[in-house]
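Data block below; observations after.
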Amino acid sequence: MKFGIIRERKNPPDRRVVLSPAACQSVLASYPDAQIIVEPSPIRTFTDAEYRAAGIEVADKMADCDVLLGVKEVPIQDLVPDKTYFFFSHTIKKQPYNRKLLRAILEKNIELYDHEVITNAKGIRLVAFGRYAGIVGAYNGIRTYGLKHDRFQLPKAETLADQQALIAELRKITLPNIKILLTGRGRVGNGAREMLDAMGLRRVNVGEYLGQEFNEPVYCQIDASDYNRRLDGVRGNKSDFFANPQEYRSNFYRFAKVTDFYIAGHFYGQGAPYLYTREDAKRPDFKISVVADVSCDIDGPVATTIKPSTIADPIYGYDPHAESETDFKQENAIAVMAVDNLPAELPRDASDGFGEAFVKNVIPAFFNNDWDGILERARMTQNGKLTPRYAYLQDYLDGKS
């Protein structure tokens with residue numbers, strides 16, 4: 001089995017990679033029948049020289065490989081027909097901007113496996129960059145708070161080497177006695193929590209957060225059962241909420257009235273209530289002045305997120321009364337950080353973490369006849385057609401949805 005590590009060609013450039021040099025060595029040491037070739041790249045976070053030093057072949061030989069591994073979408077003109085590809089296709093939610101890409105994949109008889117749907121039998125994702133989105137998102141949010149309120153200036157995350165460098169910068173600053181709210185307890189939310197804990201911030205429970213004042217900055221991490229309640233008044237729980245989101249309404253506003261800085265690291269499911277609306281943001285007791293929206297659902301559950309921002313220009317202002325973008329430094333503006341590719345700012349750490357999970361959870365399936373169905377569940381296309389699991393995308397391909 002010959003694996004190819006492809007060069008990332010999507011713009012803006014992404015420096016991440018599925019397998020680092022160390023991860024490649026791990027694969028080759030564990031599976032004598034495996035071969036790996038790395039396509040040369042001038043932007044990859046691990047240089048061609050680093051791969052060569054690890055004993056990995058670097059060459060323009062992707063056509064010779066059986067399985068091609070990438071991170072972001074492959075431009076249509078660069079797709080190699082009749083190959084097996086792994087990358088984030090951003091098509092499983094019927095994203096209109098990638099309809100042509102999925103059509104081209106079928107036309108070129110490509111077998112596509114999307115990283116986003118690599119799961120175990122219970123549907124739990126096995127490879128993801130979410131932790132690093134949370135890590136960078138929390139850092140960027142704190143940086144945004146400093147700029148919004150003229151308190152301090154932190155360097156951009158993309159200029160720093162790794163998570164420890166981010167933490168070192170955060171430990172240099174002093175936050176005022178603010179309340180920070182963090183939604184989500186998954187990879188993203190817990191990644192953000194790592195950074196708040198690394199700063200030495202005190203974590204408080206919901207009752208303390210809502211009912212007490214503090215002489216130090218504090219944070220509270222909540223999940224769906226804390227900011228939603230059942231319409232019938234019956235006490236709900238997280239699993240019931242995800243199974244029956246239409247039976248709930250948001251109870252988030254009680255947090256908005258006491259929160260200075262909000263980090264959105266939750267998962268938002270179809271049919272779930274919005275956390276806060278544009279009308280909520282207009283209310284005089286809406287206190288949030290800075291939002292770090294790591295989840296980045298546009299015009300969705302976090303009403304102040306009206307567009308994604310970029311690594312180059314990560315912050316914009318939301319005018320709650322005009323419901324439009326403005327200078328984030330304006331007094332009445334809510335500062336929004338909504339970069340939608342945050343892990344790309346920490347490419348080495350993110351690639352290391354992703355590669356470890358890929359080597360542990362995915363690579364074995366190529367050599368054990370996929371005994372637990374990991375490849376089968378993630379295979380979106382085969383023989384020029386959608387596989388049955390992804391047949392729901394046919395109307396999307398046909399332009400009907």
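So you can find residues: chains in the structure tokens are A, B, ... in the order shown, residues in each start at 1, and ligands are numbered from 1 in order.
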| message | Which residues are close to Arg193 (chain A), i.e. within 8 Å by only C-alpha atoms, leaving aside same-chain residues fewer than 3 positions away? Reply as a ChimeraX atom specification. | response | /A:134-135,138,182,189-190,196-197,221
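All residues of region 229-331 of chain A that DSSP, run on the backbone, classes as alpha helix (DSSP H) are Lys238, Ser239, Asp240, Phe241, Phe242, Ala243, Tyr253, Arg254, Phe255, Ala256, Arg278, Glu279, Asp280, Ala281 and Lys282 of chain A.
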Dump of C-alpha atoms for the selected residues, as a short mmCIF file (atom, residue, chain, number, x, y, z; two decimals), in the first residue's frame:
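The new file selection-v5.cif reads:
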data_model
loop_
_atom_site.label_atom_id
_atom_site.label_comp_id
_atom_site.auth_asym_id
_atom_site.auth_seq_id
_atom_site.Cartn_x
_atom_site.Cartn_y
_atom_site.Cartn_z
CA LYS A 238 -27.94 16.91 26.99
CA SER A 239 -28.81 13.64 25.25
CA ASP A 240 -32.52 14.52 25.14
CA PHE A 241 -31.67 17.95 23.74
CA PHE A 242 -29.65 16.51 20.87
CA ALA A 243 -32.36 13.94 20.14
CA TYR A 253 -29.83 35.26 27.87
CA ARG A 254 -29.35 34.95 31.62
CA PHE A 255 -25.67 34.43 30.83
CA ALA A 256 -25.56 37.30 28.31
CA ARG A 278 -30.17 39.93 16.88
CA GLU A 279 -33.03 41.27 18.96
CA ASP A 280 -31.35 39.96 22.10
CA ALA A 281 -28.16 41.82 21.20
CA LYS A 282 -30.11 45.11 21.05
#
| note | Between A:Glu107, A:Glu116, A:Asp60, A:Asp223, smallest distance to Lys83 (chain A) by only C-alpha atoms belongs to A:Glu107
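If only C-alpha atoms are the atoms counted, then among A:Ala391, A:Val294, A:Leu28, A:Ala322 the closest residue to Phe267 (chain A) is A:Val294.
Minimum atom-to-atom distances from A:Met380, A:Ile56, A:Val74, A:Gln25 to Asn11 (chain A) were compared using only C-alpha atoms, and the lowest value belongs to A:Val74.
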| task | Measuring atom to atom with only C-alpha atoms, identify which of A:Ile124, A:Ile118, A:Leu68, A:Met1 is nearest to Gly373 (chain A). | result | A:Ile118
| request: Write out as a list in words the residues lying within 9 Å of Val359 (chain A), counting only C-alpha atoms and excluding same-chain residues fewer than 6 positions away. | output: Leu19, Ala23, Cys24, Ser26 and Val27 of chain A
Expected file: the selected residues, N, CA and C atoms, as a PDB file, in the first residue's frame:
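Below is the file out-v8.pdb, written as the result:
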ATOM      1  N   LEU A  19       0.205  13.742   7.870  1.00  0.00           N
ATOM      2  CA  LEU A  19       1.239  12.969   8.545  1.00  0.00           C
ATOM      3  C   LEU A  19       2.547  13.754   8.612  1.00  0.00           C
ATOM      4  N   ALA A  23       5.208  10.887  12.172  1.00  0.00           N
ATOM      5  CA  ALA A  23       4.059  10.007  11.936  1.00  0.00           C
ATOM      6  C   ALA A  23       4.329   9.061  10.776  1.00  0.00           C
ATOM      7  N   CYS A  24       4.989   9.554   9.754  1.00  0.00           N
ATOM      8  CA  CYS A  24       5.363   8.690   8.628  1.00  0.00           C
ATOM      9  C   CYS A  24       6.281   7.564   9.090  1.00  0.00           C
ATOM     10  N   SER A  26       6.421   6.270  11.997  1.00  0.00           N
ATOM     11  CA  SER A  26       5.618   5.346  12.795  1.00  0.00           C
ATOM     12  C   SER A  26       4.856   4.364  11.911  1.00  0.00           C
ATOM     13  N   VAL A  27       4.288   4.868  10.823  1.00  0.00           N
ATOM     14  CA  VAL A  27       3.561   4.002   9.887  1.00  0.00           C
ATOM     15  C   VAL A  27       4.502   2.967   9.285  1.00  0.00           C
TER      16      VAL A  27
END
| said: With only C-alpha atoms as the counted atoms, please give the residues lying no more than 10 Å from Tyr51 (chain A), apart from itself and same-chain residues fewer than 5 positions off, as a PyMOL selection string. | reply: chain A and resi 20-22+24-25+37-38+40+46+56-58
Convert the current residue selection to file output with all heavy atoms, as a tab-separated table (two decimals), in the first residue's frame.
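Result file follows (out-v2.tsv):
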chain	number	residue	atom	x	y	z
A	20	SER	N	3.03	13.99	9.81
A	20	SER	CA	4.33	14.63	10.02
A	20	SER	C	5.44	13.63	9.69
A	20	SER	O	5.18	12.43	9.50
A	20	SER	CB	4.46	15.07	11.47
A	20	SER	OG	4.52	13.90	12.31
A	21	PRO	N	6.68	14.07	9.62
A	21	PRO	CA	7.77	13.10	9.42
A	21	PRO	C	7.78	12.00	10.47
A	21	PRO	O	7.96	10.82	10.14
A	21	PRO	CB	9.03	13.98	9.52
A	21	PRO	CG	8.57	15.33	9.04
A	21	PRO	CD	7.17	15.47	9.56
A	22	ALA	N	7.53	12.35	11.74
A	22	ALA	CA	7.52	11.34	12.79
A	22	ALA	C	6.36	10.37	12.60
A	22	ALA	O	6.51	9.15	12.83
A	22	ALA	CB	7.42	12.01	14.17
A	24	CYS	N	4.99	9.55	9.75
A	24	CYS	CA	5.36	8.69	8.63
A	24	CYS	C	6.28	7.56	9.09
A	24	CYS	O	6.11	6.39	8.70
A	24	CYS	CB	6.06	9.50	7.54
A	24	CYS	SG	4.99	10.65	6.63
A	25	GLN	N	7.26	7.91	9.92
A	25	GLN	CA	8.16	6.89	10.43
A	25	GLN	C	7.41	5.83	11.24
A	25	GLN	O	7.71	4.64	11.14
A	25	GLN	CB	9.23	7.54	11.31
A	25	GLN	CG	10.27	8.35	10.55
A	25	GLN	CD	11.28	8.99	11.48
A	25	GLN	OE1	10.93	9.47	12.56
A	25	GLN	NE2	12.54	8.99	11.07
A	37	ILE	N	5.24	8.44	0.01
A	37	ILE	CA	5.93	9.45	-0.81
A	37	ILE	C	5.30	10.80	-0.49
A	37	ILE	O	4.08	10.93	-0.42
A	37	ILE	CB	5.79	9.15	-2.31
A	37	ILE	CG1	6.38	7.78	-2.64
A	37	ILE	CG2	6.49	10.24	-3.14
A	37	ILE	CD1	6.21	7.36	-4.09
A	38	VAL	N	6.13	11.79	-0.29
A	38	VAL	CA	5.66	13.14	0.03
A	38	VAL	C	5.85	14.04	-1.18
A	38	VAL	O	6.97	14.14	-1.72
A	38	VAL	CB	6.43	13.71	1.24
A	38	VAL	CG1	6.02	15.15	1.52
A	38	VAL	CG2	6.20	12.84	2.47
A	40	PRO	N	6.56	17.38	-3.01
A	40	PRO	CA	7.27	18.60	-2.59
A	40	PRO	C	6.31	19.76	-2.37
A	40	PRO	O	5.32	19.91	-3.08
A	40	PRO	CB	8.23	18.89	-3.76
A	40	PRO	CG	8.40	17.57	-4.45
A	40	PRO	CD	7.08	16.86	-4.30
A	46	PHE	N	6.08	21.30	7.84
A	46	PHE	CA	7.28	20.45	7.88
A	46	PHE	C	7.91	20.51	6.50
A	46	PHE	O	7.26	20.21	5.49
A	46	PHE	CB	6.92	19.01	8.25
A	46	PHE	CG	6.33	18.87	9.62
A	46	PHE	CD1	4.95	18.76	9.79
A	46	PHE	CD2	7.14	18.85	10.74
A	46	PHE	CE1	4.41	18.63	11.06
A	46	PHE	CE2	6.60	18.72	12.02
A	46	PHE	CZ	5.23	18.61	12.17
A	56	ILE	N	12.08	9.69	4.54
A	56	ILE	CA	10.86	9.62	3.74
A	56	ILE	C	11.13	10.18	2.35
A	56	ILE	O	11.73	11.26	2.21
A	56	ILE	CB	9.71	10.41	4.40
A	56	ILE	CG1	9.58	10.04	5.87
A	56	ILE	CG2	8.41	10.19	3.64
A	56	ILE	CD1	9.33	8.58	6.14
A	57	GLU	N	10.72	9.47	1.32
A	57	GLU	CA	10.93	9.92	-0.05
A	57	GLU	C	10.09	11.16	-0.35
A	57	GLU	O	8.90	11.21	-0.04
A	57	GLU	CB	10.57	8.81	-1.03
A	57	GLU	CG	10.81	9.20	-2.51
A	57	GLU	CD	10.48	8.09	-3.48
A	57	GLU	OE1	10.05	7.01	-3.03
A	57	GLU	OE2	10.66	8.31	-4.70
A	58	VAL	N	10.70	12.16	-0.96
A	58	VAL	CA	10.01	13.38	-1.41
A	58	VAL	C	10.14	13.44	-2.92
A	58	VAL	O	11.24	13.52	-3.46
A	58	VAL	CB	10.62	14.64	-0.76
A	58	VAL	CG1	9.90	15.90	-1.27
A	58	VAL	CG2	10.53	14.57	0.76
| task | Give me the residues within 9 Å of Arg377 (chain A) as a PyMOL selection string, counting only C-alpha atoms and dropping any in the same chain fewer than 3 places off. | result | chain A and resi 113+117-121+373-374+380+389
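Closest to Val290 (chain A) among A:Thr326, A:Ile43, A:Gly141, A:Asn228 is A:Gly141, based on only C-alpha atoms.
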| request: Would you list the contacts of Glu169 (chain A) as a ChimeraX atom specification, taking every protein, DNA or RNA residue within 12 Å and counting only C-alpha atoms, but skipping same-chain residues closer than 6 positions in sequence? | output: /A:139-140,142-143,152-157,159-163,195,198-199
Selection to disk with all heavy atoms, as a short mmCIF file (atom, residue, chain, number, x, y, z; two decimals), in the first residue's frame:
data_model
loop_
_atom_site.label_atom_id
_atom_site.label_comp_id
_atom_site.auth_asym_id
_atom_site.auth_seq_id
_atom_site.Cartn_x
_atom_site.Cartn_y
_atom_site.Cartn_z
N TYR A 139 -7.11 31.97 22.54
CA TYR A 139 -6.02 32.95 22.48
C TYR A 139 -6.44 34.18 21.67
O TYR A 139 -6.28 35.33 22.11
CB TYR A 139 -4.77 32.32 21.86
CG TYR A 139 -3.62 33.29 21.69
CD1 TYR A 139 -2.69 33.46 22.72
CD2 TYR A 139 -3.47 34.04 20.53
CE1 TYR A 139 -1.64 34.36 22.58
CE2 TYR A 139 -2.42 34.94 20.39
CZ TYR A 139 -1.51 35.10 21.41
OH TYR A 139 -0.48 36.00 21.27
N ASN A 140 -7.01 33.93 20.48
CA ASN A 140 -7.42 35.05 19.63
C ASN A 140 -8.51 35.89 20.29
O ASN A 140 -8.57 37.10 20.11
CB ASN A 140 -7.94 34.53 18.28
CG ASN A 140 -6.83 34.11 17.35
OD1 ASN A 140 -5.66 34.17 17.69
ND2 ASN A 140 -7.19 33.67 16.16
N ILE A 142 -8.93 36.38 23.56
CA ILE A 142 -8.30 37.22 24.58
C ILE A 142 -7.53 38.36 23.92
O ILE A 142 -7.56 39.51 24.40
CB ILE A 142 -7.40 36.36 25.48
CG1 ILE A 142 -8.26 35.37 26.27
CG2 ILE A 142 -6.59 37.24 26.43
CD1 ILE A 142 -7.49 34.28 26.96
N ARG A 143 -6.87 38.06 22.81
CA ARG A 143 -6.19 39.13 22.06
C ARG A 143 -7.20 40.19 21.61
O ARG A 143 -6.94 41.39 21.70
CB ARG A 143 -5.47 38.54 20.84
CG ARG A 143 -4.78 39.56 19.96
CD ARG A 143 -3.99 38.88 18.84
NE ARG A 143 -3.33 39.88 18.01
CZ ARG A 143 -3.87 40.44 16.94
NH1 ARG A 143 -5.09 40.06 16.54
NH2 ARG A 143 -3.21 41.35 16.25
N PHE A 152 -4.29 45.65 26.36
CA PHE A 152 -2.99 45.03 26.07
C PHE A 152 -2.97 44.64 24.61
O PHE A 152 -4.01 44.62 23.93
CB PHE A 152 -2.75 43.80 26.96
CG PHE A 152 -3.92 42.85 27.01
CD1 PHE A 152 -4.16 41.93 25.99
CD2 PHE A 152 -4.80 42.87 28.08
CE1 PHE A 152 -5.23 41.06 26.02
CE2 PHE A 152 -5.89 42.00 28.14
CZ PHE A 152 -6.10 41.10 27.11
N GLN A 153 -1.77 44.32 24.12
CA GLN A 153 -1.61 43.86 22.75
C GLN A 153 -0.83 42.56 22.74
O GLN A 153 0.30 42.50 23.24
CB GLN A 153 -0.89 44.92 21.89
CG GLN A 153 -1.70 46.17 21.67
CD GLN A 153 -1.11 47.06 20.58
OE1 GLN A 153 -0.15 46.68 19.91
NE2 GLN A 153 -1.69 48.23 20.40
N LEU A 154 -1.46 41.54 22.20
CA LEU A 154 -0.80 40.24 22.04
C LEU A 154 -0.39 40.05 20.59
O LEU A 154 -1.10 40.51 19.68
CB LEU A 154 -1.76 39.11 22.45
CG LEU A 154 -2.08 38.97 23.94
CD1 LEU A 154 -3.26 38.02 24.14
CD2 LEU A 154 -0.87 38.44 24.70
N PRO A 155 0.71 39.34 20.34
CA PRO A 155 1.07 39.03 18.95
C PRO A 155 0.06 38.07 18.34
O PRO A 155 -0.63 37.33 19.06
CB PRO A 155 2.45 38.38 19.07
CG PRO A 155 2.51 37.85 20.46
CD PRO A 155 1.69 38.78 21.30
N LYS A 156 -0.04 38.07 17.03
CA LYS A 156 -0.93 37.13 16.36
C LYS A 156 -0.46 35.70 16.57
O LYS A 156 0.75 35.42 16.60
CB LYS A 156 -0.99 37.43 14.86
CG LYS A 156 -1.81 38.65 14.48
CD LYS A 156 -1.86 38.82 12.98
CE LYS A 156 -3.26 39.13 12.54
NZ LYS A 156 -3.39 39.19 11.07
N ALA A 157 -1.41 34.81 16.70
CA ALA A 157 -1.06 33.40 16.96
C ALA A 157 -0.19 32.83 15.85
O ALA A 157 0.71 32.03 16.12
CB ALA A 157 -2.34 32.58 17.10
N THR A 159 2.16 33.98 14.33
CA THR A 159 3.57 34.36 14.42
C THR A 159 4.31 33.59 15.51
O THR A 159 5.52 33.75 15.66
CB THR A 159 3.71 35.87 14.71
OG1 THR A 159 3.21 36.15 16.03
CG2 THR A 159 2.94 36.70 13.69
N LEU A 160 3.60 32.77 16.26
CA LEU A 160 4.19 32.04 17.38
C LEU A 160 4.35 30.56 17.03
O LEU A 160 3.62 30.02 16.21
CB LEU A 160 3.32 32.21 18.62
CG LEU A 160 3.14 33.67 19.07
CD1 LEU A 160 2.10 33.78 20.18
CD2 LEU A 160 4.47 34.28 19.51
N ALA A 161 5.27 29.91 17.69
CA ALA A 161 5.70 28.57 17.28
C ALA A 161 4.71 27.47 17.62
O ALA A 161 4.47 26.56 16.81
CB ALA A 161 7.06 28.24 17.90
N ASP A 162 4.14 27.52 18.82
CA ASP A 162 3.32 26.40 19.27
C ASP A 162 2.43 26.83 20.42
O ASP A 162 2.42 28.00 20.82
CB ASP A 162 4.20 25.21 19.68
CG ASP A 162 5.28 25.59 20.70
OD1 ASP A 162 5.08 26.58 21.44
OD2 ASP A 162 6.30 24.91 20.75
N GLN A 163 1.67 25.87 20.97
CA GLN A 163 0.75 26.19 22.06
C GLN A 163 1.48 26.78 23.26
O GLN A 163 0.98 27.71 23.90
CB GLN A 163 -0.02 24.94 22.49
CG GLN A 163 -1.04 25.21 23.60
CD GLN A 163 -1.68 23.94 24.15
OE1 GLN A 163 -1.21 22.83 23.86
NE2 GLN A 163 -2.73 24.09 24.92
N MET A 195 -6.48 26.68 27.61
CA MET A 195 -5.80 27.98 27.60
C MET A 195 -6.22 28.84 28.79
O MET A 195 -5.38 29.53 29.39
CB MET A 195 -6.10 28.70 26.29
CG MET A 195 -5.69 27.91 25.05
SD MET A 195 -3.93 27.49 25.04
CE MET A 195 -3.23 29.04 24.47
N ALA A 198 -4.47 27.44 31.72
CA ALA A 198 -3.03 27.73 31.67
C ALA A 198 -2.73 29.15 32.14
O ALA A 198 -1.63 29.43 32.63
CB ALA A 198 -2.50 27.52 30.26
N MET A 199 -3.71 30.05 31.99
CA MET A 199 -3.55 31.42 32.48
C MET A 199 -3.75 31.51 33.99
O MET A 199 -3.49 32.57 34.58
CB MET A 199 -4.56 32.35 31.80
CG MET A 199 -4.34 32.56 30.33
SD MET A 199 -5.61 33.67 29.65
CE MET A 199 -5.13 35.25 30.38
#
Residues near region 341-354 of chain A, anyone? I mean within 7 Å using only C-alpha atoms, not counting same-chain ones fewer than 4 positions away, as a short mmCIF file (atom, residue, chain, number, x, y, z; two decimals) with N, CA and C atoms, in the first residue's frame.
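Wrote it out as result-v3.cif, contents follow:
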data_model
loop_
_atom_site.label_atom_id
_atom_site.label_comp_id
_atom_site.auth_asym_id
_atom_site.auth_seq_id
_atom_site.Cartn_x
_atom_site.Cartn_y
_atom_site.Cartn_z
N ASP A 14 -2.76 26.65 3.23
CA ASP A 14 -2.86 25.96 4.51
C ASP A 14 -1.60 25.14 4.68
N ARG A 15 -0.90 25.33 5.79
CA ARG A 15 0.41 24.71 6.00
C ARG A 15 0.33 23.36 6.71
N ARG A 16 -0.89 22.94 7.10
CA ARG A 16 -1.03 21.67 7.83
C ARG A 16 -0.82 20.46 6.91
N VAL A 17 -0.62 19.31 7.54
CA VAL A 17 -0.41 18.07 6.80
C VAL A 17 -1.00 16.92 7.62
N VAL A 18 -1.41 15.86 6.94
CA VAL A 18 -2.01 14.72 7.64
C VAL A 18 -0.97 13.96 8.44
N LEU A 19 0.20 13.74 7.87
CA LEU A 19 1.24 12.97 8.55
C LEU A 19 2.55 13.75 8.61
N SER A 20 3.03 13.99 9.81
CA SER A 20 4.33 14.63 10.02
C SER A 20 5.44 13.63 9.69
N THR A 45 4.23 23.06 6.78
CA THR A 45 4.87 23.41 8.05
C THR A 45 6.10 22.55 8.33
N VAL A 127 -10.71 11.49 13.96
CA VAL A 127 -9.64 12.42 13.60
C VAL A 127 -10.25 13.81 13.43
N ALA A 128 -9.62 14.80 14.03
CA ALA A 128 -10.18 16.15 13.98
C ALA A 128 -9.14 17.17 14.43
N PHE A 129 -9.35 18.41 14.03
CA PHE A 129 -8.49 19.52 14.45
C PHE A 129 -9.15 20.36 15.53
N TYR A 132 -7.36 22.11 18.51
CA TYR A 132 -6.49 23.24 18.16
C TYR A 132 -7.30 24.46 17.76
N ALA A 133 -8.50 24.25 17.23
CA ALA A 133 -9.40 25.38 16.99
C ALA A 133 -9.73 26.07 18.31
N VAL A 136 -6.46 27.95 19.73
CA VAL A 136 -6.19 29.22 19.04
C VAL A 136 -7.35 30.19 19.21
N GLY A 137 -8.59 29.67 19.21
CA GLY A 137 -9.75 30.53 19.36
C GLY A 137 -9.76 31.27 20.68
N ALA A 157 -1.41 34.81 16.70
CA ALA A 157 -1.06 33.40 16.96
C ALA A 157 -0.19 32.83 15.85
N GLU A 158 -0.45 33.22 14.62
CA GLU A 158 0.29 32.64 13.49
C GLU A 158 1.78 32.98 13.53
N ASP A 162 4.14 27.52 18.82
CA ASP A 162 3.32 26.40 19.27
C ASP A 162 2.43 26.83 20.42
N PHE A 358 -4.65 9.84 13.24
CA PHE A 358 -4.79 9.15 11.95
C PHE A 358 -4.01 7.84 11.95
#
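Of the listed residues A:Ala224, A:Asp78, A:Leu126, A:Asp327, the one whose atoms come nearest to Lys360 (chain A) is A:Leu126, with distances taken using only C-alpha atoms.
Between CA of Pro245 (chain A) and CA of Gly184 (chain A) the separation is 16.0 Å.
Take CA of Asn237 (chain A) and CA of Val218 (chain A): the distance between them is 25.3 Å.
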| field | Interatomic distance, CA of Leu181 (chain A) to CA of Pro217 (chain A) (Å, one decimal) | value | 11.1 Å
| as a ChimeraX atom specification, which residues of region 161-381 of chain A does DSSP assign to strand (DSSP E)? | /A:179-183,202-203,218-222,228-230,248-250,261-264,290-293,315-319,324-326,334-337,381
